[in-house]
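Colleague: This is the structure I have questions about; it appears just below.
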2 protein chains.
Amino acid sequence: MSKILRVNMTNLTAKLEDVPSKYRLMGGRGLTSAVTSDEVPPTCHPLGPNNKVTYAPGIVTGSGAPTAGRLSIGAKSPLTGTIKESNAGGIAADKLARIGIKAIIVEGQPKEKGKFWVLKVDKSGAELMPAAAEWVGKGLYEAYPKMLKKFGDKVGIISIGVAGEKLMAMSGICVNDPENRPSRYAGRGGLGAVMGSKGLKAIVVDDAGGASLALANKEAFDTGRKKMTDALLQHDITKPGGALNTYGTAVCVAVINEAGALPTRNFSSGRFEGASKISGEMINETCKKRGGVGMTGHRCSPGCIIQCSNVYPKEDGTELVSCQEYESLWSFGANCGIDSLDVIGELIRLCNDYGVDTIEAGATIGVAMEAGLAKFGDGKKAVELMHEIGKGTLLGHILGGGTALTADTFGVVRCPTVKRQAMPAYEPRAIKGIGVTYATSTMGADHTAGYTIAPEIFGVSGKVDQFIVEKADMSRNFQYVTAFLDATGHCLFVSFAILDIASGLEGMVEECNGVLGTNWTVDDIGRIGGDIVKKERAFNEAAGFAKVDDRVPEFMKYEKLPPHNVVFDVPDEVLDKVHNP
Amino acid sequence: MSKILRVNMTNLTAKLEDVPSKYRLMGGRGLTSAVTSDEVPPTCHPLGPNNKVTYAPGIVTGSGAPTAGRLSIGAKSPLTGTIKESNAGGIAADKLARIGIKAIIVEGQPKEKGKFWVLKVDKSGAELMPAAAEWVGKGLYEAYPKMLKKFGDKVGIISIGVAGEKLMAMSGICVNDPENRPSRYAGRGGLGAVMGSKGLKAIVVDDAGGASLALANKEAFDTGRKKMTDALLQHDITKPGGALNTYGTAVCVAVINEAGALPTRNFSSGRFEGASKISGEMINETCKKRGGVGMTGHRCSPGCIIQCSNVYPKEDGTELVSCQEYESLWSFGANCGIDSLDVIGELIRLCNDYGVDTIEAGATIGVAMEAGLAKFGDGKKAVELMHEIGKGTLLGHILGGGTALTADTFGVVRCPTVKRQAMPAYEPRAIKGIGVTYATSTMGADHTAGYTIAPEIFGVSGKVDQFIVEKADMSRNFQYVTAFLDATGHCLFVSFAILDIASGLEGMVEECNGVLGTNWTVDDIGRIGGDIVKKERAFNEAAGFAKVDDRVPEFMKYEKLPPHNVVFDVPDEVLDKVHNP
């Protein structure tokens with residue numbers, strides 16, 4: 001029987017609780033959002049004693065289902081003020097599931113500020129211990145090996161970096177990958193600062209003696225897993241040797257640039273002249289040319305079939321960073337006018353090291369460049385700005401506070417955020433559906449909340465013109481399906497396959513039935529996902545969010561974006577229809 | 001016939017327009033809020049091209065009515081995101097009225113950033129000219145004399161300081177006092193940044209050849225003026241030699257401290273051990289002892305009977321600053337743990353010089369002290385922090401962004417703001433009615449929006465216990481009456497007299513009738529004031545503000561305030577009843 005582990009940082013206690021029946025069929029985002037809704041006052045201060053942070057593996061995580069190793073982390077966000085779920089790959093979710101932990105809920109706040117604890121979880125229970133001095137205030141490339149030395153190199157470590165310790169709103173929460181790099185992030189929404197505000201440096205998960213998830217219906221599970229596996233192996237985007245496996249998510253660079261929707265120099269253009277130099281093709285080529293440890297087709301979590309990660313080498317073939325992800329390449333690349341993979345790789349490495357979200361960081365540097373703190377294209381200065389965050393200087397605190405705070409500090413009007421979270425790598429003026437998602441997502445601007453890029457650009461589930469504005473239904477459907485998918489523990493990228501291949505979608509549902517003993521069909525996906533989104537939205541409404549918060553920034557309505565010279569012209573009525581169909 | 005002057009900063013044009021009939025009976029806050037409501041999109045970026053800033057003297061300003069020289073300035077606020085009106089004394093409003101300017105509306109935005117213009121207004125019209133280099137980027141104690149040298153020493157100057165030029169959200173708009181000091185401020189809500197975002201450094205008003213306001217009904221006016229004058233001369237608080245005239249607004253220090261409601265060290269206590277050293281009594285005594293230019297009973301605008309301002313001397317009797325106001329004494333004093341009038345005087349002078357709101361500045365320094373940037377009580381460091389704002393350093397940009405931005409930057413949870421505007425000098429936990437006003441005002445935390453302190457502490461209009469929580473009706477009534485009063489151009493301080501002396505209240509209405517030719521009675525005050533507040537509130541709702549924004553900060557609900565050890569326990573239902581009776 002899996003349990004919920006409740007950790008109280010006021011009293012420094014950790015105890016196992018039975019899973020309430022209302023949570024029995026939940027996992028991942030479905031569970032973290034339910035706990036946040038049930039236990040966190042919507043108007044509380046995100047860094048105060050009344051916020052809670054919840055960690056949950058997905059429903060099928062730890063079952064052997066393919067590409068299903070996601071760890072969901074949820075809380076009220078200090079960046080957006082909304083409810084927040086952000087999920088990461090890495091090895092920790094699988095281990096939590098294998099020792100029967102359905103969720104960890106961290107609540108309260110120590111009286112003493114600036115002191116940090118580590119939570120050790122294994123099959124026998126959980127224990128809080130003071131964090132060793134050598135783990136705190138250090139880069140994670142230094143701290144992870146030291147924690148691994150203490151706890152053994154088979155543990156999963158869910159940790160914040162210095163940005164989270166310093167309560168910065170762009171801080172994420174890190175999970176080690178299969179080679180123990182501090183590289184996989186629940187990056188968005190400043191959840192690292194919530195963890196930091198609770199004095200919790202890290203959760204260490206040791207699954208020694210653990211076992212694969214118990215199955216309520218093995219036959220259903222096996223059938224489902226096979227269908228999912230087959231779909232992933234078959235689809236051109238997800239199969240071995242397919243687009244993601246060969247080029248990584250960076251395959252998007254050329255495509256989105258061609259579509260005129262690659263936000264460039266702080267969202268002042270949709271096309272970047274240096275796009276080909278920071279593309280997936282260039283990463284693949286560089287890995288081959290430089291050799292050494294460089295590789296594409298790397299997996300970020302156990303049991304992944306897609307394997308879209310990469311290890312990017314320095315000129316001498318030693319490792320610079322894993323992973324050069326599309327969003328990071330864009331945020332530090334096109335968005336900052338930087339066209340060097342080596343510079344971008346260094347910037348991503350600094351994000352991993354200091355514990356911040358690469359999307360928010362790159363968008364922030366873009367705004368800082370617009371404010372005159374550096375010139376667009378000046379990679380050296382961008383690196384210096386990232387170091388300010390790591391050092392926690394005054395400038396570091398501004399930048400670490402994220403895009404909107406940086407814009408407010410310097411009076412920058414062109415601030416590409418929704419609900420104070422930076423927009424990712426797709427220009428809403430040029431691709432309307434993703435703008436609808438940015439505006440109406442329960443999480444602030446977030447491409448993963450409803451990735452309409454799939455039909456709008458890649459033709460997945462049928463091609464839809466990028467300039468059509470009537471996309472309320474499309475965005476809502478994507479938001480609901482995604483919420484279900486985020487609850488299963490599968491990686492979002494399985495959606496390329498299962499939205500095109502019907503049996504794959506069935507397979508995902510059957511896997512869940514196998515684990516939970518339910519009799520869900522694909523017709524239940526919208527309802528279950530919709531319930532999650534509605535719960536999140538109710539939280540946000542209680543926190544004070546209104547219709548007018550479901551909008552893109554004003555400048556996108558009067559500044560024409562080259563090369564298509566388009567403004568964001570989706571009528572407000574369309575945006576309002578997403579959650580009020 | 002008075003006119004509206006419309007200034008377009010995109011095209012650099014200024015032209016006179018007839019007053020639309022809908023604005024004929026309006027003035028001051030009534031007019032600025034109407035224009036903002038009618039012409040500014042509620043969701044626009046406050047520093048973008050679609051915001052507008054409106055300047056309007058009150059209905060009776062320039063008529064010879066006593067204590068009626070207020071200039072209202074309105075826009076969408078970059079600090080709060082709400083509609084905003086802030087009004088100042090000084091000599092400009094009277095001059096605008098005397099040359100027949102009912103309002104100046106400044107719209108648009110120059111393409112070129114960082115360049116500034118000055119608007120010269122006189123009887124013959126208006127003209128925009130580039131600001132001279134010696135007026136920009138300088139302290140206002142340096143810039144005002146230079147502008148006066150250019151335009152003559154009889155002009156009114158409405159100007160921003162360096163904080164407004166740098167788009168800081170705590171910047172105010174300055175007006176010279178009768179001795180041409182840059183000392184009277186429309187301080188609240190960051191209106192200086194809106195003016196700065198339009199490239200407008202100053203408005204210079206020359207009333208040569210102007211005349212007293214035309215009267216529609218001289219008899220009504222004379223009767224009203226006499227009643228108002230008599231009330232002011234008669235009431236203990238407002239009369240010559242009365243409380244305000246003798247001690248200034250600083251008379252509140254001892255009283256509010258005694259009530260356990262003087263927010264101390266960033267709102268962690270309600271009583272300050274150094275209160276007697278920063279009191280009105282001490283100011284009076286020091287002025288007498290040091291002699292020289294030191295004086296209490298100074299007037300801040302022409303025709304004032306109350307004369308509550310002061311000129312505070314250095315030890316050698318030369319001028320340190322005018323004026324040591326209660327709110328400023330509190331914000332830099334008790335709230336920062338500083339008990340020296342000389343240090344506080346220097347801090348106030350820096351606010352005047354750099355062009356920032358003393359309330360927001362002191363509250364910000366309090367939060368900065370809590371964040372560890374200085375120790376409570378360290379006046380030297382507080383002065384240094386203020387200089388950072390003036391220099392526009394990185395730290396200056398953080399602090400200049402105000403209390404909430406500073407708290408966000410450093411992760412400080414005890415952030416004493418409502419709608420991101422700093423609370424003034426009355427603790428809502430210890431005086432519940434003012435908390436109701438802070439929470440529900442259309443302007444963010446603002447004591448002047450509905451000064452329930454009058455009954456709760458001073459017994460004006462009947463004494464009401466400070467701890468009673470059922471004060472929705474009281475706050476609403478005060479908010480409505482105040483909105484009317486702010487429309488007349490009278491100083492808020494006349495309310496002490498006219499709320500106790502019925503004929504004074506009649507007099508205010510009759511003065512308006514005299515100017516406008518209306519037949520209003522005191523029974524119309526609530527309706528007219530209520531219409532203003534409702535219009536403002538509708539703007540805020542359209543800008544996205546909801547019921548949950550009408551709340552004091554969460555920490556006040558769980559942190560007990562000494563010495564009474566009380567939390568803010570006004571039920572949400574009471575707060576919601578203010579605007580939904």
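So you can find residues: chains in the structure tokens are A, B, ... in the order shown, residues in each start at 1, and ligands are numbered from 1 in order.
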Sorted by chain and rising residue number, which residues of segment 389-436 of chain B lie within 12 Å of segment 190-211 of chain A, and what are their closest atom pairs and distances in Å to one decimal, counting only C-alpha atoms, as a Markdown table?
Modeller:
```
| residue | atom | partner | partner_atom | distance |
| --- | --- | --- | --- | --- |
| B:Asp408 | CA | A:Ala193 | CA | 11.4 |
| B:Thr409 | CA | A:Ala193 | CA | 11.8 |
| B:Phe410 | CA | A:Ala193 | CA | 11.0 |
| B:Gly411 | CA | A:Ala193 | CA | 8.6 |
| B:Val412 | CA | A:Ser197 | CA | 10.3 |
| B:Val413 | CA | A:Ser197 | CA | 10.0 |
```
Colleague: Could you please tell me, as a count of residues only, which residues of chain A have an atom within 6 Å of chain B when using only C-alpha atoms?
Modeller: 9
Colleague: Find the residues around Trp117 of chain B up to 12 Å (only C-alpha atoms counted), leave out those fewer than 2 positions away in its own chain, and share them as an mmCIF file with C-alpha atoms, in the first residue's frame.
Modeller:
```
data_model
loop_
_atom_site.group_PDB
_atom_site.id
_atom_site.type_symbol
_atom_site.label_atom_id
_atom_site.label_comp_id
_atom_site.auth_asym_id
_atom_site.auth_seq_id
_atom_site.Cartn_x
_atom_site.Cartn_y
_atom_site.Cartn_z
ATOM 1 C CA VAL B 7 -0.906 67.567 -24.844
ATOM 2 C CA ASN B 8 0.169 64.828 -27.214
ATOM 3 C CA MET B 9 3.730 63.661 -26.561
ATOM 4 C CA THR B 10 3.846 61.451 -29.658
ATOM 5 C CA LEU B 12 4.556 67.050 -29.462
ATOM 6 C CA THR B 13 1.418 69.146 -29.778
ATOM 7 C CA GLN B 109 4.752 58.889 -25.852
ATOM 8 C CA PRO B 110 7.747 60.190 -27.787
ATOM 9 C CA GLU B 112 12.873 58.691 -28.565
ATOM 10 C CA LYS B 113 13.442 57.419 -25.014
ATOM 11 C CA GLY B 114 15.328 59.365 -22.369
ATOM 12 C CA LYS B 115 14.662 62.787 -23.874
ATOM 13 C CA LEU B 119 5.326 72.332 -21.113
ATOM 14 C CA LYS B 120 4.921 76.059 -20.604
ATOM 15 C CA GLU B 127 4.092 75.414 -25.722
ATOM 16 C CA LEU B 128 6.345 72.351 -25.526
ATOM 17 C CA MET B 129 10.081 72.910 -25.444
ATOM 18 C CA PRO B 130 13.049 70.607 -24.923
ATOM 19 C CA ALA B 131 14.103 70.509 -21.279
ATOM 20 C CA ALA B 132 17.448 72.187 -20.724
ATOM 21 C CA ALA B 133 20.242 69.820 -19.742
ATOM 22 C CA TRP B 135 17.035 70.679 -15.398
ATOM 23 C CA VAL B 136 17.300 66.940 -16.079
ATOM 24 C CA SER B 159 7.865 68.575 -12.050
ATOM 25 C CA ILE B 160 9.295 65.123 -11.665
ATOM 26 C CA GLU B 165 12.829 60.269 -15.128
ATOM 27 C CA MET B 195 4.968 61.622 -16.462
ATOM 28 C CA GLY B 196 8.531 60.384 -17.018
ATOM 29 C CA SER B 197 7.378 57.717 -19.463
ATOM 30 C CA LYS B 198 5.858 60.506 -21.534
ATOM 31 C CA GLY B 199 9.131 62.420 -21.610
ATOM 32 C CA LEU B 200 7.565 65.300 -19.724
ATOM 33 C CA LYS B 201 9.937 66.776 -17.161
ATOM 34 C CA ALA B 202 7.790 69.656 -15.968
ATOM 35 C CA ILE B 203 4.767 71.825 -16.493
ATOM 36 C CA VAL B 204 5.429 75.493 -15.873
#
```
Colleague: Write out as an NGL selection string all residues of segment 225-460 of chain B that DSSP puts in alpha helix (DSSP H) for this structure's backbone.
Modeller: :B and (225-234 or 243-247 or 252-258 or 280-290 or 326-332 or 341-354 or 358-370 or 379-391 or 394-400 or 403-410 or 432-440 or 453-456)
Colleague: Take the residues from that selection and write them out as an mmCIF file, in the first residue's frame, keeping C-alpha atoms.
Modeller:
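After the write, part_18.cif holds the following:
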```cif
data_model
loop_
_atom_site.group_PDB
_atom_site.id
_atom_site.type_symbol
_atom_site.label_atom_id
_atom_site.label_comp_id
_atom_site.auth_asym_id
_atom_site.auth_seq_id
_atom_site.Cartn_x
_atom_site.Cartn_y
_atom_site.Cartn_z
ATOM 1 C CA ARG B 225 -16.769 80.725 2.016
ATOM 2 C CA LYS B 226 -17.685 82.504 5.214
ATOM 3 C CA LYS B 227 -19.137 79.345 6.755
ATOM 4 C CA MET B 228 -16.079 77.336 5.776
ATOM 5 C CA THR B 229 -13.735 80.012 7.061
ATOM 6 C CA ASP B 230 -15.578 80.298 10.362
ATOM 7 C CA ALA B 231 -15.490 76.547 10.879
ATOM 8 C CA LEU B 232 -11.764 76.413 10.234
ATOM 9 C CA LEU B 233 -11.144 79.343 12.555
ATOM 10 C CA GLN B 234 -13.253 77.805 15.281
ATOM 11 C CA ALA B 243 -3.262 71.513 17.089
ATOM 12 C CA LEU B 244 -2.293 71.422 13.412
ATOM 13 C CA ASN B 245 -1.092 74.992 13.321
ATOM 14 C CA THR B 246 1.070 74.543 16.414
ATOM 15 C CA TYR B 247 2.462 71.059 15.972
ATOM 16 C CA CYS B 252 -0.296 62.470 15.590
ATOM 17 C CA VAL B 253 2.969 60.829 16.646
ATOM 18 C CA ALA B 254 2.293 60.813 20.379
ATOM 19 C CA VAL B 255 -1.401 60.074 19.993
ATOM 20 C CA ILE B 256 -1.045 57.142 17.609
ATOM 21 C CA ASN B 257 1.878 55.751 19.585
ATOM 22 C CA GLU B 258 -0.223 55.898 22.732
ATOM 23 C CA GLY B 280 5.146 67.378 16.913
ATOM 24 C CA GLU B 281 5.951 68.725 20.330
ATOM 25 C CA MET B 282 9.638 68.096 19.704
ATOM 26 C CA ILE B 283 9.478 69.795 16.306
ATOM 27 C CA ASN B 284 7.850 72.856 17.845
ATOM 28 C CA GLU B 285 10.399 72.936 20.633
ATOM 29 C CA THR B 286 13.331 72.490 18.245
ATOM 30 C CA CYS B 287 12.105 75.268 15.959
ATOM 31 C CA LYS B 288 11.928 77.584 18.958
ATOM 32 C CA LYS B 289 15.236 76.489 20.410
ATOM 33 C CA ARG B 290 17.253 76.635 17.212
ATOM 34 C CA TYR B 326 3.544 63.005 10.288
ATOM 35 C CA GLU B 327 3.583 60.340 7.606
ATOM 36 C CA SER B 328 7.237 61.032 6.778
ATOM 37 C CA LEU B 329 8.263 61.183 10.446
ATOM 38 C CA TRP B 330 6.650 57.831 10.914
ATOM 39 C CA SER B 331 7.893 56.150 7.740
ATOM 40 C CA PHE B 332 11.548 57.026 8.261
ATOM 41 C CA LEU B 341 14.458 64.525 13.730
ATOM 42 C CA ASP B 342 17.664 65.668 12.074
ATOM 43 C CA VAL B 343 18.212 62.345 10.343
ATOM 44 C CA ILE B 344 14.553 62.083 9.356
ATOM 45 C CA GLY B 345 14.656 65.656 8.086
ATOM 46 C CA GLU B 346 17.590 64.764 5.885
ATOM 47 C CA LEU B 347 15.747 61.725 4.553
ATOM 48 C CA ILE B 348 12.670 63.799 3.757
ATOM 49 C CA ARG B 349 14.839 66.347 2.003
ATOM 50 C CA LEU B 350 16.280 63.577 -0.151
ATOM 51 C CA CYS B 351 12.756 62.485 -1.082
ATOM 52 C CA ASN B 352 11.940 66.039 -2.136
ATOM 53 C CA ASP B 353 15.213 66.273 -4.013
ATOM 54 C CA TYR B 354 14.936 62.993 -5.920
ATOM 55 C CA THR B 358 8.033 59.726 1.583
ATOM 56 C CA ILE B 359 5.532 57.080 2.695
ATOM 57 C CA GLU B 360 6.560 54.586 0.044
ATOM 58 C CA ALA B 361 10.238 55.408 0.558
ATOM 59 C CA GLY B 362 10.187 54.909 4.323
ATOM 60 C CA ALA B 363 8.167 51.718 4.060
ATOM 61 C CA THR B 364 10.635 50.480 1.453
ATOM 62 C CA ILE B 365 13.635 51.229 3.661
ATOM 63 C CA GLY B 366 11.824 49.350 6.441
ATOM 64 C CA VAL B 367 11.508 46.281 4.227
ATOM 65 C CA ALA B 368 15.112 46.689 3.089
ATOM 66 C CA MET B 369 16.152 46.716 6.758
ATOM 67 C CA GLU B 370 14.178 43.556 7.336
ATOM 68 C CA GLY B 379 20.065 56.458 10.002
ATOM 69 C CA LYS B 380 23.381 56.792 8.230
ATOM 70 C CA LYS B 381 22.708 53.701 6.186
ATOM 71 C CA ALA B 382 19.141 54.833 5.497
ATOM 72 C CA VAL B 383 20.547 58.038 4.007
ATOM 73 C CA GLU B 384 22.906 55.994 1.860
ATOM 74 C CA LEU B 385 20.028 53.872 0.620
ATOM 75 C CA MET B 386 18.117 56.992 -0.389
ATOM 76 C CA HIS B 387 21.152 58.191 -2.332
ATOM 77 C CA GLU B 388 21.122 54.909 -4.263
ATOM 78 C CA ILE B 389 17.687 55.885 -5.534
ATOM 79 C CA GLY B 390 18.903 59.307 -6.557
ATOM 80 C CA LYS B 391 21.890 57.876 -8.361
ATOM 81 C CA LEU B 394 20.874 48.826 -9.290
ATOM 82 C CA LEU B 395 19.919 48.966 -5.633
ATOM 83 C CA GLY B 396 18.324 52.324 -6.305
ATOM 84 C CA HIS B 397 16.148 50.783 -8.994
ATOM 85 C CA ILE B 398 15.029 48.058 -6.596
ATOM 86 C CA LEU B 399 14.196 50.478 -3.785
ATOM 87 C CA GLY B 400 12.777 53.028 -6.201
ATOM 88 C CA THR B 403 7.933 48.381 -0.953
ATOM 89 C CA ALA B 404 6.350 45.421 -2.716
ATOM 90 C CA LEU B 405 9.018 45.213 -5.402
ATOM 91 C CA THR B 406 11.738 45.373 -2.753
ATOM 92 C CA ALA B 407 10.014 42.656 -0.743
ATOM 93 C CA ASP B 408 9.648 40.489 -3.851
ATOM 94 C CA THR B 409 13.283 41.003 -4.784
ATOM 95 C CA PHE B 410 14.542 39.805 -1.416
ATOM 96 C CA LYS B 432 -9.626 48.501 12.477
ATOM 97 C CA GLY B 433 -11.439 51.207 10.518
ATOM 98 C CA ILE B 434 -8.329 52.478 8.802
ATOM 99 C CA GLY B 435 -7.577 48.866 7.893
ATOM 100 C CA VAL B 436 -10.969 48.682 6.221
ATOM 101 C CA THR B 437 -10.054 51.789 4.238
ATOM 102 C CA TYR B 438 -6.595 50.500 3.309
ATOM 103 C CA ALA B 439 -8.081 47.239 2.100
ATOM 104 C CA THR B 440 -10.961 48.673 0.126
ATOM 105 C CA ILE B 453 -8.766 57.912 12.301
ATOM 106 C CA ALA B 454 -10.802 61.095 12.804
ATOM 107 C CA PRO B 455 -13.522 59.313 14.836
ATOM 108 C CA GLU B 456 -11.431 56.321 15.935
#
```
Colleague: Run DSSP on the backbone and grab whatever in segment 155-394 of chain B lands in strand (DSSP E); send it over as number ranges by chain.
Modeller: B: 156-159, 173-176, 182-186, 200-205, 295-298, 309-313, 319-321
Colleague: Any idea what the distance is between atom CA of Asp486 of chain A and atom CA of Gly58 of chain A?
Modeller: 7.2 Å
Colleague: Using only C-alpha atoms, which residues sit within 10 Å of Pro562 of chain A once same-chain residues fewer than 2 positions away are excluded, as a list in words?
Modeller: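 After dropping sequence-adjacent residues, the list is Gly260, Ala261, Pro263, Thr264, Phe267, Ser268, Ser269, Gly270, Arg271, Arg429, Ala430, Glu559, Lys560, His564, Asn565, Val566 and Val567 of chain A.
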Colleague: What's around His490 of chain A at 9 Å? Count only C-alpha atoms, leave out sequence neighbours fewer than 5 positions away in its own chain, and write the answer as a list in words.
Modeller: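 So, after excluding close chain neighbours, the residues are Gly58, Ile59, Val60, Thr61, Ala65, Pro66, Thr67, Ala68, Gly69, Arg70, Leu485 and Met508 of chain A.
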Colleague: Enter the distance from atom CA of Ala103 of chain A to atom CA of Asn87 of chain A, in Å, rounded to one decimal.
Modeller: 13.5 Å
Colleague: For segment 31-38 of chain A, work out the shell of residues within 6 Å, counting only C-alpha atoms and skipping chain neighbours fewer than 2 positions away, then give it as a list in words.
Modeller: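 Listed by chain and then number, they are Met26, Gly27, Gly28, Arg29, Val40, Thr54, Gly74 and Ala75 of chain A.
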Colleague: What is the atom CA of Leu499 of chain A-atom CA of Gly529 of chain A distance in Å, reported with one decimal?
Modeller: 15.2 Å
Colleague: Name the residues in contact with segment 176-187 of chain A at a cut-off of 9 Å, using only C-alpha atoms, excluding same-chain residues fewer than 6 positions from it; report them as an NGL selection string.
Modeller: :A and (71-73 or 85-92 or 140-141 or 144-145 or 148 or 153-159 or 170 or 299-302 or 321-323 or 349 or 352-353 or 355-360)
